[in-house]
Amino acid sequence: MKITDMKLYKLPPRWLFLKIETDEGISGWGEPVVEGRADTVRTAVEEFRNYLIGKDPMKIEDHWQVMYRTGFYRGGPEVMSAIAGIDQALWDIKGKALNTPVYNLLGGLCRDKLKVYRWIGGDRPSDIKNSAIEAYNEGYPAIKMNATEEVHYIDTFDKIDATVERVAAIRDALGMKLDIAVDFHGRVHKSMAKVLAKELDKYHLMFIEEPVLIENKEAFREIAKYTSTPIATGERMFSRWDFKTLLQEGYVDVIQPDLSHAGGISECKKIAAMAEAYDVAVAPHCPLGPIALSACVQLDCCTPNAFIQEQSLGIHYNKAGIDGTDVSNPLADYLVDPTVFKYNNGFIDINDKPGLGIEINEEFVKQVAEEYNETWKNPIWRNFDGTVAEW
């Protein structure tokens, strides 16, 4: 079997799909994208074309090593996301060729079902209580919410109080019936993150996420002194070498590699195994499309320290359809069988379909890609004094 072609499709709301074709008629799909930099990642994927065309798609590890090691300059979000999408597509091909799910090629099932969580509240958290009740009534066992809006290096305690009040409202309404994760989103600097982590501790959260940016990972040591809540991070880390020092330092309880950013299924399986050796849980980051989520599910199925999966159904980033209107389920829009991601009381039922376990509606993908000329960009935020704030 030989790779014969690679096709890329930029799609709303903010996704990039890759199809790798072979001379035996078996194709695989991947999702190589950095949110807001789809065109840059597209170029990075194309730069691997000359190497991949004509190669055996079954030699996944060797291709990964060539793409990563032989460019001399390595790593970073765009290159690793390009490798990630290619890796996903190659695993999809291999699973289809052998007529088995990818998880069977990675050790086989170690769980019967997979817990997911739903986002609530949007970028500027609002209507949190009612959204949490709605998620609970829909059967979700867990939700995640952004903690704050803009936060300066030293800011007012009004912002701390507002976050605490939102979490308290959920606990008042539902008690401990719903797991709550609070995402600081790297918006909060160390001085305020310590305060916020301490104030939230009494609400017994599932985890707090990115209390500071990962480039300030030395601050995790200090933040951990102020809370017993598990600390999560990792969506902006791109290889096992990035995660190595984080795990060695021992202040993080949950890692969140993104299978569309951190080198794909191959690399994230190794990252998860490293985390298991440090008694650290895995909750893959995935506010993306159906291919990325399918890759995550394959990994989660055979990874014992994976405990919950992010998914983008209902997430505020992915509401804009091709005509600018809201779409209820962009995950399903591009699938032949949209019931694949129909959750059962907040859990994904594991299917036994080959490859990544989904079938892309290619004709619809082509139609939408021809009409879509936008590029999603995250907003630019500023603090009260005009300085640029973290989004």
# chains A, B, ... in the order shown; residues from 1 in each chain; ligands from 1
$ select_by_dssp --residues "range 16-114 of chain A" --states "alpha helix (DSSP H)" --output "PyMOL selection string"
chain A and resi 38-47+49-52+60-69+77-97+102-105
$ closest_atom_pairs --of "range 209-303 of chain A" --to "range 332-347 of chain A" --cutoff "12 Å" --atoms "only C-alpha atoms" --output "tab-separated table"
residue	atom	partner	partner_atom	distance
A:Gly289	CA	A:Tyr334	CA	8.9
A:Pro290	CA	A:Ala332	CA	7.3
A:Ile291	CA	A:Leu335	CA	9.5
A:Leu293	CA	A:Phe341	CA	9.2
A:Ser294	CA	A:Phe341	CA	9.1
A:Val297	CA	A:Phe341	CA	10.4
$ closest_atom_pairs --of "range 103-152 of chain A" --to "range 261-267 of chain A" --cutoff "12 Å" --atoms "only C-alpha atoms" --output "tab-separated table"
residue	atom	partner	partner_atom	distance
A:Tyr103	CA	A:Ile265	CA	10.1
A:Leu105	CA	A:Ser266	CA	11.1
A:Leu106	CA	A:Ser266	CA	9.2
$ write_last_selection --atoms "N, CA and C atoms" --output "PDB file, in the first residue's frame"
ATOM      1  N   TYR A 103      -8.001   1.579  18.792  1.00  0.00           N
ATOM      2  CA  TYR A 103      -7.682   1.199  20.177  1.00  0.00           C
ATOM      3  C   TYR A 103      -7.214  -0.246  20.277  1.00  0.00           C
ATOM      4  N   LEU A 105      -5.227  -1.627  18.237  1.00  0.00           N
ATOM      5  CA  LEU A 105      -3.832  -1.627  17.816  1.00  0.00           C
ATOM      6  C   LEU A 105      -2.919  -1.000  18.869  1.00  0.00           C
ATOM      7  N   LEU A 106      -3.534  -0.434  19.917  1.00  0.00           N
ATOM      8  CA  LEU A 106      -2.781   0.249  20.972  1.00  0.00           C
ATOM      9  C   LEU A 106      -2.924  -0.454  22.323  1.00  0.00           C
TER      10      LEU A 106
END
$ residues_around --residues "Lys129 in chain A" --least-positions-apart "3" --cutoff "6 Å" --atoms "only C-alpha atoms" --output "list in words"
Ala132, Ala169 and Ile170 of chain A
$ write_last_selection --atoms "C-alpha atoms" --output "PDB file, in the first residue's frame"
ATOM      1  CA  ALA A 132     -25.422  24.051  34.791  1.00  0.00           C
ATOM      2  CA  ALA A 169     -24.659  29.266  42.682  1.00  0.00           C
ATOM      3  CA  ILE A 170     -24.133  25.893  41.000  1.00  0.00           C
TER       4      ILE A 170
END
$ select_by_dssp --residues "range 164-378 of chain A" --states "strand (DSSP E)" --output "MDAnalysis selection string"
chainID A and resid 179:183 207:209 231:233 254:255 281:282 309:310 347:349
$ closest_residue --among "A:Val34, A:Val182, A:Met176, A:Val45" --to "Arg118 in chain A" --atoms "only C-alpha atoms"
A:Val182
$ atom_distance --atom1 "CA of Lys217 in chain A" --atom2 "CA of Val79 in chain A"
22.6 Å
$ residues_around --residues "Cys286 in chain A" --least-positions-apart "4" --cutoff "7 Å" --atoms "only C-alpha atoms" --output "VMD selection string"
chain A and resid 258 292 to 293 310 to 312
$ residues_around --residues "Gln256 in chain A" --least-positions-apart "5" --cutoff "7 Å" --atoms "only C-alpha atoms" --output "PyMOL selection string"
chain A and resi 232-235+282-285
$ atom_distance --atom1 "CA of Pro32 in chain A" --atom2 "CA of Phe17 in chain A"
6.6 Å
$ atom_distance --atom1 "CA of Asp92 in chain A" --atom2 "CA of Leu356 in chain A"
5.2 Å
$ decode --residues "range 65-140 of chain A" --atoms "C-alpha atoms" --output "mmCIF file, in the first residue's frame"
data_model
loop_
_atom_site.group_PDB
_atom_site.id
_atom_site.type_symbol
_atom_site.label_atom_id
_atom_site.label_comp_id
_atom_site.auth_asym_id
_atom_site.auth_seq_id
_atom_site.Cartn_x
_atom_site.Cartn_y
_atom_site.Cartn_z
ATOM 1 C CA GLN A 65 10.189 10.185 13.604
ATOM 2 C CA VAL A 66 11.118 11.504 10.165
ATOM 3 C CA MET A 67 8.645 14.391 10.337
ATOM 4 C CA TYR A 68 9.734 15.351 13.842
ATOM 5 C CA ARG A 69 13.483 14.781 13.812
ATOM 6 C CA THR A 70 14.752 15.520 10.320
ATOM 7 C CA GLY A 71 13.732 19.160 10.088
ATOM 8 C CA PHE A 72 16.471 20.151 12.560
ATOM 9 C CA TYR A 73 14.178 22.855 14.014
ATOM 10 C CA ARG A 74 11.381 20.985 15.698
ATOM 11 C CA GLY A 75 8.309 21.331 17.865
ATOM 12 C CA GLY A 76 5.933 24.243 18.258
ATOM 13 C CA PRO A 77 2.170 24.369 17.768
ATOM 14 C CA GLU A 78 2.003 24.557 13.971
ATOM 15 C CA VAL A 79 4.483 21.815 13.087
ATOM 16 C CA MET A 80 3.292 19.479 15.827
ATOM 17 C CA SER A 81 -0.330 20.036 14.805
ATOM 18 C CA ALA A 82 0.559 19.184 11.211
ATOM 19 C CA ILE A 83 2.239 15.984 12.396
ATOM 20 C CA ALA A 84 -0.770 15.286 14.640
ATOM 21 C CA GLY A 85 -3.312 15.403 11.818
ATOM 22 C CA ILE A 86 -1.144 13.243 9.570
ATOM 23 C CA ASP A 87 -0.649 10.754 12.403
ATOM 24 C CA GLN A 88 -4.413 10.532 13.022
ATOM 25 C CA ALA A 89 -5.054 9.874 9.338
ATOM 26 C CA LEU A 90 -2.394 7.157 9.177
ATOM 27 C CA TRP A 91 -3.881 5.379 12.194
ATOM 28 C CA ASP A 92 -7.309 5.644 10.536
ATOM 29 C CA ILE A 93 -5.898 3.971 7.416
ATOM 30 C CA LYS A 94 -4.198 1.236 9.425
ATOM 31 C CA GLY A 95 -7.323 0.450 11.404
ATOM 32 C CA LYS A 96 -9.439 0.297 8.259
ATOM 33 C CA ALA A 97 -6.878 -1.874 6.463
ATOM 34 C CA LEU A 98 -6.865 -4.338 9.371
ATOM 35 C CA ASN A 99 -10.632 -3.951 9.948
ATOM 36 C CA THR A 100 -10.288 -3.027 13.601
ATOM 37 C CA PRO A 101 -10.581 0.085 15.778
ATOM 38 C CA VAL A 102 -7.374 1.965 16.467
ATOM 39 C CA TYR A 103 -7.682 1.199 20.177
ATOM 40 C CA ASN A 104 -7.183 -2.494 19.397
ATOM 41 C CA LEU A 105 -3.832 -1.627 17.816
ATOM 42 C CA LEU A 106 -2.781 0.249 20.972
ATOM 43 C CA GLY A 107 -3.411 -2.462 23.531
ATOM 44 C CA GLY A 108 -7.167 -2.935 23.394
ATOM 45 C CA LEU A 109 -10.059 -1.755 25.523
ATOM 46 C CA CYS A 110 -9.552 -1.040 29.204
ATOM 47 C CA ARG A 111 -12.978 0.558 29.846
ATOM 48 C CA ASP A 112 -16.632 0.027 28.951
ATOM 49 C CA LYS A 113 -17.642 3.668 28.499
ATOM 50 C CA LEU A 114 -16.119 7.133 28.509
ATOM 51 C CA LYS A 115 -17.211 10.103 30.608
ATOM 52 C CA VAL A 116 -17.478 13.512 28.899
ATOM 53 C CA TYR A 117 -18.077 17.042 30.111
ATOM 54 C CA ARG A 118 -19.937 19.972 28.653
ATOM 55 C CA TRP A 119 -18.853 23.617 28.515
ATOM 56 C CA ILE A 120 -21.150 26.273 29.939
ATOM 57 C CA GLY A 121 -21.097 30.045 30.266
ATOM 58 C CA GLY A 122 -19.037 31.261 27.338
ATOM 59 C CA ASP A 123 -15.899 33.401 27.223
ATOM 60 C CA ARG A 124 -17.402 35.961 29.581
ATOM 61 C CA PRO A 125 -19.149 33.677 32.032
ATOM 62 C CA SER A 126 -22.852 34.370 32.377
ATOM 63 C CA ASP A 127 -26.085 32.548 33.255
ATOM 64 C CA ILE A 128 -23.932 29.875 34.853
ATOM 65 C CA LYS A 129 -26.520 28.498 37.265
ATOM 66 C CA ASN A 130 -29.221 27.897 34.648
ATOM 67 C CA SER A 131 -26.715 26.477 32.161
ATOM 68 C CA ALA A 132 -25.422 24.051 34.791
ATOM 69 C CA ILE A 133 -28.950 22.915 35.619
ATOM 70 C CA GLU A 134 -29.642 22.451 31.921
ATOM 71 C CA ALA A 135 -26.501 20.319 31.495
ATOM 72 C CA TYR A 136 -27.429 18.246 34.542
ATOM 73 C CA ASN A 137 -30.964 17.693 33.208
ATOM 74 C CA GLU A 138 -29.453 16.575 29.886
ATOM 75 C CA GLY A 139 -27.589 13.867 31.753
ATOM 76 C CA TYR A 140 -24.076 15.333 31.853
#
